[in-house]
$ cat model01.cif   # mmCIF, C-alpha atoms
data_upload
#
loop_
_atom_site.label_atom_id
_atom_site.label_comp_id
_atom_site.auth_asym_id
_atom_site.auth_seq_id
_atom_site.Cartn_x
_atom_site.Cartn_y
_atom_site.Cartn_z
CA MET I 30 47.48 -38.90 -142.54
CA PRO I 31 44.33 -38.61 -144.57
CA ALA I 32 41.28 -37.11 -142.87
CA GLN I 33 38.79 -39.66 -141.77
CA PRO I 34 35.31 -39.34 -143.14
CA LEU I 35 32.68 -38.05 -140.68
CA THR I 36 30.25 -40.67 -139.67
CA THR I 37 26.96 -40.20 -137.81
CA VAL I 38 28.59 -41.53 -134.65
CA SER I 39 31.55 -39.13 -134.82
CA ILE I 40 29.21 -36.16 -135.51
CA PHE I 41 27.07 -37.18 -132.55
CA LEU I 42 30.13 -37.46 -130.28
CA ARG I 43 31.41 -34.04 -131.39
CA ARG I 44 27.96 -32.48 -130.86
CA GLY I 45 27.69 -34.23 -127.49
CA ALA I 46 31.06 -32.88 -126.40
CA LEU I 47 30.08 -29.39 -127.56
CA ALA I 48 26.73 -29.60 -125.76
CA SER I 49 28.46 -30.79 -122.59
CA ALA I 50 30.95 -27.94 -122.76
CA VAL I 51 28.12 -25.42 -123.23
CA LEU I 52 26.23 -26.85 -120.23
CA VAL I 53 29.34 -26.75 -118.02
CA CYS I 54 30.01 -23.11 -118.98
CA ALA I 55 26.37 -22.16 -118.38
CA ALA I 56 26.40 -23.82 -114.97
CA LEU I 57 29.62 -22.05 -113.99
CA LEU I 58 28.27 -18.68 -115.11
CA ALA I 59 25.00 -19.24 -113.32
CA ALA I 60 26.83 -20.13 -110.13
CA CYS I 61 28.72 -16.83 -110.29
CA GLY I 62 25.45 -14.88 -110.30
CA THR I 63 23.86 -16.54 -107.29
CA ARG I 64 24.51 -16.22 -103.62
CA PRO I 65 25.22 -19.29 -101.56
CA VAL I 66 22.21 -20.58 -99.72
CA ARG I 67 22.57 -20.09 -95.99
CA SER I 68 20.27 -21.27 -93.30
CA PRO I 69 18.73 -18.33 -91.48
CA GLU I 70 20.27 -17.53 -88.15
CA PRO I 71 17.87 -16.68 -85.35
CA ALA I 72 17.69 -12.97 -84.67
CA PRO I 73 19.12 -11.99 -81.33
CA ALA I 74 16.51 -11.08 -78.74
CA VAL I 75 16.20 -7.31 -78.65
CA PRO I 76 14.35 -5.76 -75.75
CA VAL I 77 11.35 -3.71 -76.81
CA SER I 78 11.86 -0.11 -75.86
CA ALA I 79 9.04 2.30 -75.22
CA ARG I 80 8.37 5.99 -75.50
CA LEU I 81 6.36 5.67 -72.31
CA SER I 82 8.08 5.53 -68.96
CA GLU I 83 6.74 3.07 -66.42
CA HIS I 84 4.99 5.97 -64.66
CA GLU I 85 3.34 7.16 -67.90
CA ALA I 86 2.22 3.61 -68.69
CA GLN I 87 0.55 3.44 -65.28
CA GLN I 88 -1.14 6.80 -65.94
CA VAL I 89 -2.50 5.35 -69.21
CA VAL I 90 -3.92 2.38 -67.29
CA ILE I 91 -5.53 4.59 -64.63
CA ALA I 92 -7.07 6.85 -67.28
CA ALA I 93 -8.40 3.88 -69.28
CA LEU I 94 -9.93 2.25 -66.21
CA GLY I 95 -11.53 5.57 -65.27
CA LEU I 96 -13.46 5.57 -68.56
CA VAL I 97 -15.10 2.16 -68.04
CA GLY I 98 -18.85 2.68 -68.37
CA THR I 99 -18.60 5.53 -70.92
CA PRO I 100 -21.08 4.97 -73.77
CA TYR I 101 -19.91 3.51 -77.07
CA ARG I 102 -20.34 5.70 -80.12
CA TYR I 103 -18.95 5.00 -83.59
CA GLY I 104 -16.43 7.74 -84.39
CA GLY I 105 -16.55 8.97 -80.79
CA ASN I 106 -13.45 10.32 -79.12
CA THR I 107 -14.56 12.14 -75.94
CA PRO I 108 -16.11 11.05 -72.65
CA GLU I 109 -19.05 13.38 -73.30
CA GLY I 110 -19.72 12.07 -76.80
CA GLY I 111 -18.72 8.46 -76.24
CA PHE I 112 -15.90 6.38 -77.70
CA ASP I 113 -15.18 3.87 -80.36
CA CYS I 114 -12.09 1.72 -79.79
CA SER I 115 -9.50 3.91 -81.52
CA GLY I 116 -11.12 7.09 -80.16
CA LEU I 117 -10.72 5.72 -76.63
CA ILE I 118 -7.05 4.92 -77.27
CA GLY I 119 -6.38 8.37 -78.73
CA TYR I 120 -8.10 10.14 -75.85
CA VAL I 121 -6.29 8.14 -73.17
CA TYR I 122 -2.78 8.39 -74.66
CA ARG I 123 -3.14 12.13 -75.42
CA ASN I 124 -4.40 13.01 -71.95
CA ALA I 125 -2.38 10.58 -69.84
CA ALA I 126 0.94 10.50 -71.72
CA GLY I 127 0.99 13.38 -74.20
CA LEU I 128 1.15 11.07 -77.25
CA SER I 129 -1.05 11.30 -80.33
CA PRO I 130 -1.74 7.82 -81.69
CA PRO I 131 -3.23 7.31 -85.16
CA ARG I 132 -7.02 7.49 -85.36
CA THR I 133 -7.74 4.12 -87.00
CA VAL I 134 -7.11 0.55 -85.90
CA ALA I 135 -5.34 -0.13 -89.20
CA ALA I 136 -2.88 2.69 -88.48
CA LEU I 137 -2.48 1.61 -84.84
CA ASP I 138 -1.21 -1.71 -86.19
CA GLY I 139 1.97 0.09 -87.25
CA TRP I 140 2.29 2.48 -84.30
CA GLY I 141 5.07 1.89 -81.80
CA GLN I 142 6.82 -1.46 -81.72
CA ALA I 143 5.55 -5.01 -81.88
CA VAL I 144 5.73 -6.76 -78.51
CA PRO I 145 5.83 -10.53 -77.95
CA ALA I 146 3.07 -11.80 -75.67
CA GLU I 147 5.54 -12.77 -72.97
CA ASP I 148 6.80 -9.15 -72.76
CA LEU I 149 3.36 -7.53 -72.57
CA ARG I 150 3.08 -4.82 -69.93
CA ALA I 151 0.34 -2.52 -68.68
CA GLY I 152 -0.17 0.39 -71.06
CA ASP I 153 0.54 -1.62 -74.25
CA LEU I 154 -2.02 -1.87 -77.03
CA VAL I 155 -3.83 -5.08 -77.90
CA LEU I 156 -5.10 -5.49 -81.47
CA PHE I 157 -7.55 -8.12 -82.66
CA ALA I 158 -7.88 -9.59 -86.13
CA ASN I 159 -10.11 -12.23 -87.64
CA GLY I 160 -8.05 -13.50 -90.57
CA GLY I 161 -7.20 -10.09 -92.04
CA PRO I 162 -5.83 -6.85 -90.67
CA PRO I 163 -6.79 -5.84 -87.13
CA THR I 164 -10.32 -4.50 -86.71
CA HIS I 165 -10.45 -3.80 -82.97
CA ALA I 166 -8.05 -2.51 -80.30
CA GLY I 167 -7.80 -1.89 -76.59
CA ILE I 168 -5.37 -0.96 -73.83
CA TYR I 169 -3.77 -3.72 -71.77
CA VAL I 170 -4.10 -3.01 -68.03
CA GLY I 171 -2.40 -6.10 -66.58
CA ASP I 172 -3.55 -9.43 -65.18
CA ASN I 173 -4.64 -10.61 -68.67
CA ARG I 174 -7.22 -7.78 -68.90
CA PHE I 175 -7.76 -4.90 -71.28
CA VAL I 176 -10.04 -1.84 -71.56
CA HIS I 177 -11.82 -1.25 -74.84
CA ALA I 178 -14.89 0.23 -76.46
CA PRO I 179 -16.64 -2.64 -78.23
CA SER I 180 -19.45 -1.94 -80.65
CA SER I 181 -21.56 -4.53 -78.91
CA GLY I 182 -22.31 -4.00 -75.26
CA GLY I 183 -22.85 -0.29 -75.51
CA GLN I 184 -20.04 1.02 -73.29
CA VAL I 185 -16.32 1.05 -72.55
CA ARG I 186 -15.55 -2.05 -70.53
CA LEU I 187 -12.90 -4.23 -69.00
CA ASP I 188 -12.50 -7.70 -70.56
CA ARG I 189 -10.14 -10.65 -70.34
CA LEU I 190 -7.84 -11.58 -73.22
CA ASP I 191 -8.65 -15.25 -72.61
CA ALA I 192 -12.43 -14.68 -72.80
CA ARG I 193 -13.95 -16.92 -75.45
CA HIS I 194 -14.64 -14.20 -78.04
CA TRP I 195 -11.21 -12.56 -77.84
CA ALA I 196 -9.17 -15.76 -77.50
CA ARG I 197 -10.52 -16.99 -80.88
CA GLN I 198 -8.99 -14.02 -82.67
CA ARG I 199 -5.42 -13.33 -83.66
CA ILE I 200 -4.08 -10.93 -81.05
CA SER I 201 -1.04 -8.72 -81.55
CA TYR I 202 0.57 -6.29 -79.16
CA ARG I 203 2.15 -2.87 -79.69
CA ARG I 204 4.15 -0.70 -77.35
CA PRO I 205 3.93 3.06 -78.01
#
$ encode --input "model01.cif" --output "structure tokens"
Amino acid sequence: MPAQPLTTVSIFLRRGALASAVLVCAALLAACGTRPVRSPEPAPAVPVSARLSEHEAQQVVIAALGLVGTPYRYGGNTPEGGFDCSGLIGYVYRNAAGLSPPRTVAALDGWGQAVPAEDLRAGDLVLFANGGPPTHAGIYVGDNRFVHAPSSGGQVRLDRLDARHWARQRISYRRP
């Protein structure tokens, strides 16, 4: 049988078949290199452990409450010299529980374990942020209250987490 002359239509059909074959091969190869998409499964609830025993956590609370009224001083970390927020935390945890927390609020944000609000217990840290990383911290003492050394107010004090100023901020919790 004599070869039929190539027409524009037959060239187009051959090119179309070749293009289709190339696309099918590319799709198959691409599928081999990807993982199947799976919907994320919820992580199982894991209880937050602590380095502090219940007794040590209570000692932290007692020590923090005992410092209410101490003057605020930027960079301060003793009752005699005054406290800033992270200095207060360092002093209390060192003396009441034998732990040495980081000196800055930014570093406290990674200390211990994150705690969901519903699992908060006395002796945990509370950290406050206003759109960025945390800039202030205190020690939770129970009953929705915390002890901290705010720059305004002039002294270590006891405040409520639901007070207007603090409730407007993003609050996170850490358990040493």
$ residues_around --input "model01.cif" --residues "I:Gln87" --least-positions-apart "5" --cutoff "12 Å" --atoms "all atoms listed in the file" --output "list of chain:residue names"
I:Leu81, I:Ser82, I:Ala92, I:Ala93, I:Leu94, I:Val121, I:Tyr122, I:Ala125, I:Ala126, I:Arg150, I:Ala151, I:Gly152, I:Asp153, I:Ile168, I:Tyr169, I:Val170, I:Gly171
$ resolve_selection --input "model01.cif" --expression "the PyMOL selection byres ((chain I and resi 184) around 12)" --output "list of chain:residue names"
I:Leu96, I:Val97, I:Gly98, I:Thr99, I:Pro100, I:Tyr101, I:Arg102, I:Tyr103, I:Gly105, I:Pro108, I:Gly110, I:Gly111, I:Phe112, I:Asp113, I:Cys114, I:Leu117, I:Val176, I:His177, I:Ala178, I:Pro179, I:Ser180, I:Ser181, I:Gly182, I:Gly183, I:Val185, I:Arg186, I:Leu187, I:Asp188
$ atom_distance --input "model01.cif" --atom1 "atom CA of I:Asn106" --atom2 "atom CA of I:Gly119"
7.3 Å
$ residues_around --input "model01.cif" --residues "I:Phe157" --least-positions-apart "6" --cutoff "6 Å" --atoms "only C-alpha atoms" --output "PyMOL selection string"
chain I and resi 163+165+199-200
$ closest_residue --input "model01.cif" --among "I:Gln198, I:His84, I:Gly127, I:Gly139" --to "I:Gly160" --atoms "only C-alpha atoms"
I:Gln198
$ resolve_selection --input "model01.cif" --expression "the PyMOL selection byres ((chain I and resi 145) around 9)" --output "JSON, numbers by chain"
{"I": [77, 143, 144, 146, 147, 148, 149, 201, 202, 203]}
$ atom_distance --input "model01.cif" --atom1 "atom CA of I:Gly141" --atom2 "atom CA of I:Asn159"
21.5 Å
